[in-house]
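Undergrad: Contents of run_1.tsv (TSV, C-alpha atoms and all ligand atoms):
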chain	number	residue	atom	x	y	z
A	1	MET	CA	16.39	11.06	-20.85
A	2	ASN	CA	16.43	14.86	-20.48
A	3	THR	CA	13.46	17.23	-20.82
A	4	ALA	CA	14.39	18.21	-24.40
A	5	GLU	CA	14.29	14.64	-25.67
A	6	ARG	CA	11.24	13.59	-23.69
A	7	PRO	CA	9.12	11.40	-25.98
A	8	ILE	CA	5.33	11.51	-26.09
A	9	THR	CA	3.78	8.08	-25.66
A	10	ILE	CA	0.29	6.62	-25.88
A	11	ALA	CA	-0.85	4.69	-22.81
A	12	GLU	CA	-1.52	1.15	-24.01
A	13	PRO	CA	-3.94	-0.67	-21.72
A	14	LEU	CA	-2.51	-3.80	-20.15
A	15	GLU	CA	-4.70	-6.80	-19.39
A	16	MET	CA	-3.90	-9.93	-17.42
A	17	THR	CA	-6.23	-12.85	-16.62
A	18	MET	CA	-5.53	-15.37	-13.88
A	19	LEU	CA	-7.30	-18.40	-12.50
A	20	MET	CA	-7.90	-18.18	-8.75
A	21	THR	CA	-6.34	-21.36	-7.35
A	22	PRO	CA	-6.84	-23.04	-3.94
A	23	ASP	CA	-3.44	-21.86	-2.63
A	24	MET	CA	-4.86	-18.29	-2.74
A	25	ALA	CA	-7.82	-19.10	-0.46
A	26	ASN	CA	-8.51	-17.72	2.99
A	27	PHE	CA	-10.31	-19.67	5.73
A	28	SER	CA	-13.73	-19.09	4.18
A	29	GLY	CA	-12.83	-20.29	0.69
A	30	ALA	CA	-12.71	-16.82	-0.84
A	31	VAL	CA	-9.47	-15.48	-2.28
A	32	HIS	CA	-7.19	-13.89	0.32
A	33	GLY	CA	-7.14	-10.08	-0.03
A	34	GLY	CA	-3.34	-10.09	0.19
A	35	ALA	CA	-3.12	-12.43	-2.84
A	36	ILE	CA	-5.15	-9.92	-4.88
A	37	LEU	CA	-3.04	-7.00	-3.62
A	38	LYS	CA	0.14	-8.77	-4.72
A	39	ILE	CA	-1.21	-9.31	-8.23
A	40	LEU	CA	-2.50	-5.72	-8.38
A	41	ASP	CA	0.99	-4.45	-7.57
A	42	GLN	CA	2.57	-6.69	-10.22
A	43	VAL	CA	0.05	-5.51	-12.82
A	44	ALA	CA	0.65	-1.85	-11.89
A	45	TYR	CA	4.40	-2.46	-12.16
A	46	ALA	CA	4.10	-4.12	-15.57
A	47	CYS	CA	1.86	-1.32	-16.86
A	48	ALA	CA	4.09	1.53	-15.64
A	49	ALA	CA	7.37	-0.17	-16.66
A	50	HIS	CA	5.99	-0.99	-20.12
A	51	TYR	CA	4.82	2.59	-20.58
A	52	SER	CA	7.96	4.31	-19.29
A	53	LYS	CA	10.54	1.70	-20.41
A	54	GLN	CA	12.13	2.27	-17.00
A	55	TYR	CA	12.49	0.44	-13.73
A	56	VAL	CA	9.67	1.65	-11.49
A	57	VAL	CA	8.78	1.40	-7.80
A	58	THR	CA	5.44	1.57	-6.04
A	59	LEU	CA	5.10	4.80	-4.07
A	60	SER	CA	1.54	4.20	-2.93
A	61	VAL	CA	-1.76	2.51	-3.54
A	62	ASP	CA	-4.99	4.27	-2.69
A	63	GLN	CA	-7.67	2.68	-0.57
A	64	VAL	CA	-8.61	-0.76	-1.85
A	65	HIS	CA	-12.15	-1.75	-0.94
A	66	PHE	CA	-13.04	-5.39	-1.43
A	67	ARG	CA	-16.78	-4.88	-1.81
A	68	GLU	CA	-17.35	-8.39	-3.16
A	69	ALA	CA	-15.44	-11.57	-2.46
A	70	ILE	CA	-13.56	-13.28	-5.28
A	71	ARG	CA	-13.98	-17.06	-5.20
A	72	VAL	CA	-11.47	-19.84	-5.85
A	73	GLY	CA	-12.11	-21.19	-9.37
A	74	GLU	CA	-13.05	-17.78	-10.82
A	75	LEU	CA	-11.13	-16.22	-13.70
A	76	VAL	CA	-9.99	-12.76	-12.71
A	77	THR	CA	-9.03	-10.10	-15.23
A	78	PHE	CA	-6.92	-7.10	-14.23
A	79	LYS	CA	-7.20	-4.16	-16.63
A	80	ALA	CA	-4.54	-1.50	-16.12
A	81	CYS	CA	-3.82	1.83	-17.76
A	82	VAL	CA	-1.58	4.84	-17.15
A	83	ASN	CA	-3.97	7.70	-16.45
A	84	TYR	CA	-1.52	10.47	-15.65
A	85	VAL	CA	2.18	11.22	-15.70
A	86	GLY	CA	4.15	13.95	-13.98
A	87	ARG	CA	7.94	14.22	-14.16
A	88	SER	CA	8.82	10.82	-12.70
A	89	SER	CA	5.49	9.62	-11.35
A	90	MET	CA	2.62	7.83	-13.04
A	91	GLU	CA	-0.86	7.03	-11.85
A	92	VAL	CA	-1.94	3.54	-12.91
A	93	GLY	CA	-5.61	2.63	-12.58
A	94	VAL	CA	-6.48	-1.06	-12.25
A	95	LYS	CA	-9.97	-2.50	-12.71
A	96	VAL	CA	-10.68	-6.01	-11.44
A	97	ILE	CA	-13.30	-8.22	-13.08
A	98	ALA	CA	-14.14	-11.69	-11.76
A	99	GLU	CA	-15.82	-14.23	-14.00
A	100	ASN	CA	-17.66	-17.36	-12.95
A	101	ILE	CA	-16.38	-19.97	-15.39
A	102	HIS	CA	-19.63	-21.99	-15.45
A	103	SER	CA	-22.23	-19.24	-15.74
A	104	GLY	CA	-20.04	-16.70	-17.53
A	105	GLU	CA	-21.30	-14.03	-15.12
A	106	ARG	CA	-18.80	-11.17	-14.79
A	107	ARG	CA	-18.56	-8.89	-11.77
A	108	HIS	CA	-16.56	-5.70	-11.37
A	109	THR	CA	-15.22	-6.42	-7.88
A	110	ASN	CA	-12.99	-3.41	-7.31
A	111	SER	CA	-10.76	-0.73	-8.79
A	112	CYS	CA	-7.77	1.06	-7.38
A	113	TYR	CA	-5.05	3.56	-8.20
A	114	PHE	CA	-1.31	3.09	-7.85
A	115	THR	CA	1.34	5.81	-7.88
A	116	MET	CA	4.46	4.41	-9.52
A	117	VAL	CA	7.77	6.30	-9.75
A	118	ALA	CA	10.50	5.68	-12.34
A	119	LYS	CA	14.09	5.34	-11.15
A	120	ASP	CA	17.36	5.33	-13.08
A	121	GLU	CA	20.26	2.91	-12.58
A	122	ALA	CA	21.63	5.03	-9.74
A	123	GLY	CA	18.27	4.85	-7.92
A	124	ARG	CA	17.36	8.49	-8.63
A	125	THR	CA	13.88	9.44	-9.78
A	126	THR	CA	13.92	9.93	-13.51
A	127	LEU	CA	11.84	11.47	-16.27
A	128	VAL	CA	9.08	9.40	-17.89
A	129	PRO	CA	7.61	10.00	-21.37
A	130	GLU	CA	4.88	12.58	-21.69
A	131	LEU	CA	1.42	11.09	-22.02
A	132	LYS	CA	-0.24	11.51	-25.39
A	133	LEU	CA	-3.86	12.41	-24.79
A	134	VAL	CA	-5.96	11.76	-27.86
A	135	THR	CA	-9.59	11.30	-26.91
A	136	GLN	CA	-11.86	13.26	-24.61
A	137	LYS	CA	-11.82	10.20	-22.34
A	138	ASP	CA	-7.99	10.27	-22.14
A	139	LYS	CA	-8.09	13.95	-21.22
A	140	ALA	CA	-10.83	13.50	-18.62
A	141	ARG	CA	-8.91	10.58	-17.04
A	142	PHE	CA	-5.77	12.70	-16.91
A	143	VAL	CA	-7.58	15.55	-15.16
A	144	ALA	CA	-9.23	13.20	-12.65
A	145	ALA	CA	-5.85	11.60	-11.89
A	146	LYS	CA	-4.17	14.98	-11.50
A	147	LEU	CA	-6.86	16.02	-9.00
A	148	ARG	CA	-6.36	12.73	-7.12
A	149	LYS	CA	-2.61	13.40	-6.95
A	150	LYS	CA	-3.30	16.81	-5.37
A	151	LEU	CA	-5.60	15.14	-2.82
A	152	ARG	CA	-2.96	12.48	-2.04
A	153	MET	CA	-0.31	15.12	-1.36
A	154	GLU	CA	-2.71	17.07	0.89
A	155	HIS	CA	-3.77	13.88	2.64
A	156	GLU	CA	-0.13	12.94	3.28
A	157	GLN	CA	0.46	16.35	4.90
A	158	GLN	CA	-2.66	16.00	7.05
A	159	LEU	CA	-1.63	12.51	8.23
A	160	LYS	CA	1.85	13.83	9.01
A	161	ALA	CA	0.35	16.65	11.12
A	162	ILE	CA	-1.86	14.18	13.04
A	163	HIS	CA	1.12	11.91	13.67
A	164	GLU	CA	3.27	14.81	14.86
A	165	LYS	CA	0.63	16.13	17.22
A	166	TRP	CA	-0.96	12.95	18.56
A	167	ASN	CA	1.83	10.36	18.37
A	168	THR	CA	5.10	12.27	18.66
A	169	HIS	CA	4.30	15.36	20.74
A	170	PHE	CA	1.21	14.22	22.66
A	171	ILE	CA	3.04	14.88	25.92
A	172	ASP	CA	2.90	18.64	25.18
A	173	LEU	CA	-0.90	18.65	24.93
A	174	SER	CA	-3.01	19.97	27.79
A	175	GLU	CA	-5.54	17.69	29.46
A	176	ASP	CA	-8.34	20.00	28.30
A	177	GLU	CA	-7.19	19.78	24.68
A	178	VAL	CA	-7.13	15.98	24.78
A	179	LYS	CA	-10.53	15.84	26.47
A	180	ALA	CA	-12.07	18.24	23.94
A	181	ALA	CA	-10.77	16.11	21.05
A	182	MET	CA	-12.20	12.86	22.38
A	183	SER	CA	-15.65	11.64	21.42
A	184	ASP	CA	-18.66	12.34	23.64
A	185	GLU	CA	-18.86	8.62	24.34
A	186	TYR	CA	-15.35	8.49	25.79
A	187	GLN	CA	-15.73	11.81	27.63
A	188	ALA	CA	-18.67	10.33	29.51
A	189	MET	CA	-16.41	7.52	30.71
A	190	LEU	CA	-13.76	9.88	32.10
A	201	LIG	C1	9.13	6.59	-4.51
A	201	LIG	C2	10.32	7.44	-4.05
A	201	LIG	C3	11.43	7.38	-5.11
A	201	LIG	C4	9.84	8.87	-3.91
A	201	LIG	O1	10.86	9.60	-3.34
A	201	LIG	P1	10.67	11.17	-3.10
A	201	LIG	O2	11.83	11.65	-2.33
A	201	LIG	O3	9.29	11.46	-2.59
A	201	LIG	O4	10.85	11.67	-4.57
A	201	LIG	P2	10.26	12.98	-5.21
A	201	LIG	O5	10.00	14.02	-4.19
A	201	LIG	O6	11.14	13.28	-6.39
A	201	LIG	O7	8.84	12.50	-5.74
A	201	LIG	C5	8.75	11.59	-6.81
A	201	LIG	C6	7.39	11.75	-7.43
A	201	LIG	O8	6.42	11.25	-6.53
A	201	LIG	C7	5.39	12.23	-6.35
A	201	LIG	N1	4.85	12.11	-5.02
A	201	LIG	C8	5.47	12.29	-3.84
A	201	LIG	N2	4.61	12.11	-2.82
A	201	LIG	C9	3.42	11.80	-3.39
A	201	LIG	C10	2.15	11.46	-2.87
A	201	LIG	N3	1.90	11.43	-1.56
A	201	LIG	N4	1.16	11.18	-3.74
A	201	LIG	C11	1.37	11.20	-5.07
A	201	LIG	N5	2.56	11.51	-5.63
A	201	LIG	C12	3.58	11.80	-4.79
A	201	LIG	C13	6.09	13.54	-6.55
A	201	LIG	O9	5.15	14.56	-6.88
A	201	LIG	C14	6.99	13.20	-7.70
A	201	LIG	O10	6.22	13.19	-8.88
A	201	LIG	P3	6.74	13.90	-10.25
A	201	LIG	O11	8.19	13.55	-10.42
A	201	LIG	O12	5.89	13.27	-11.31
A	201	LIG	O13	6.50	15.35	-10.11
A	201	LIG	C15	10.91	6.94	-2.69
A	201	LIG	O14	9.98	7.26	-1.67
A	201	LIG	C16	11.18	5.45	-2.68
A	201	LIG	O15	12.15	4.99	-3.29
A	201	LIG	N6	10.35	4.69	-1.98
A	201	LIG	C17	10.47	3.25	-1.93
A	201	LIG	C18	9.63	2.63	-3.04
A	201	LIG	C19	9.64	1.13	-2.98
A	201	LIG	O16	10.68	0.53	-2.76
A	201	LIG	N7	8.45	0.54	-3.12
A	201	LIG	C20	8.27	-0.86	-2.92
A	201	LIG	C21	7.93	-1.09	-1.50
A	201	LIG	S1	8.68	-2.53	-0.86
Spell out the structure here as structure tokens.
Ligand SMILES: CC(C)(COP(=O)(O)OP(=O)(O)OC[C@H]1O[C@@H](n2cnc3c(N)ncnc32)[C@H](O)[C@@H]1OP(=O)(O)O)[C@@H](O)C(=O)NCCC(=O)NCCS

TA:
Amino acid sequence: MNTAERPITIAEPLEMTMLMTPDMANFSGAVHGGAILKILDQVAYACAAHYSKQYVVTLSVDQVHFREAIRVGELVTFKACVNYVGRSSMEVGVKVIAENIHSGERRHTNSCYFTMVAKDEAGRTTLVPELKLVTQKDKARFVAAKLRKKLRMEHEQQLKAIHEKWNTHFIDLSEDEVKAAMSDEYQAML
């Protein structure tokens, strides 16, 4: 696909519901966080691949906070949608809703954002369709996702700078600089 023939596509929401089975449990009987992360990644893949009609890879997932435990026996619905596209990248938002089968009570347990990148057969990043933004909600989601992308890029640079200074080149730092950067609590122990 080249820029001239880039199609414009609507983002169709993707929904998947799964029963939480005992093999997914951790030691306390709740669902293991890693089991949820695996499904989240599969859902994000399915959503981005379906939208772009390309093979996609996961570049990153933003912080995932498990604010509420998901229990074995609950039905969990993953609702995914492409919020933003760039040239080859897409932001996919996934909302997780757990339902108690007996009471019917539904809880929004967490949401997270994946950055997925489309690749061609040679493994190079490749163009994805432009996102058709129809409603005010679509447009607002796009803007929010674009702002998050900017933050992610800045964050990546900041983490790189910390790693360079404090993990790679820490030997070049003066004792005073290290001391000044430590917390008051630790300075008192020195
Ligand atoms: C994903 C991957 C192709 C990106 O490679 P890259 O050299 O950074 O490629 P590019 O610089 O062309 O960036 C690709 C896109 O990612 C975006 N991107 C790069 N860093 C980003 C970040 N920190 N946050 C958000 N988007 C980012 C770029 O802006 C670009 O988007 P655009 O094409 O829509 O403008 C490469 O890192 C990769 O193959 N990683 C392995 C992925 C994988 O195997 N995942 C499964 C893990 S087992």

Undergrad: Within 9 Å of stretch 22-27 of chain A, counting all atoms listed in the file, which residues show up once you throw out same-chain ones fewer than 2 positions away? Write them as number ranges by chain, please.

TA: A: 20, 29-36, 71-73

Undergrad: Using only C-alpha atoms, can you tell me which of A:Val56, A:Met1, A:Ala11, A:Cys81 comes closest to A:Lys132?

TA: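 With only C-alpha atoms as the atom set, the closest residue is A:Ala11.
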
Undergrad: Find the residues near ligand LIG 201 (chain A). Use a cut-off of 6 Å, count all atoms listed in the file, and write them as a list in words.

TA: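 For ligand LIG 201 (chain A), the residues inside 6 Å are Val57, Thr58, Leu59, Gly86, Arg87, Ser88, Ser89, Val117, Thr125, Lys149, Arg152, Met153 and Glu156 of chain A.
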
Undergrad: From the options A:Phe114, A:Tyr51, A:Tyr45, A:Phe66, which residue's atoms come nearest to A:Ala145, counting all atoms listed in the file?

TA: A:Phe114

Undergrad: Which one is closest to A:Gly104: A:Glu74, A:Ser52, A:Glu91, A:Glu121? Count all atoms listed in the file.

TA: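 That would be A:Glu74, the residue with the smallest distance to A:Gly104.
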
Undergrad: Fewer than 3 positions away in the same chain doesn't count, so skip those; otherwise give me all residues within 6 Å of A:Cys112, counting all atoms listed in the file, as a list of chain:residue names.

TA: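 Returned residues: A:Val64, A:Gly93, A:Val94.
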
Undergrad: Between A:Thr109, A:Asn83, A:Thr77, A:Ser103, which has the minimum distance to A:Leu147 (counting all atoms listed in the file)?

TA: A:Asn83

Undergrad: Quick one, how far is atom CA of A:His102 from atom CA of A:Val76?

TA: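 Atom-to-atom, atom CA of A:His102 to atom CA of A:Val76, that is 13.6 Å.
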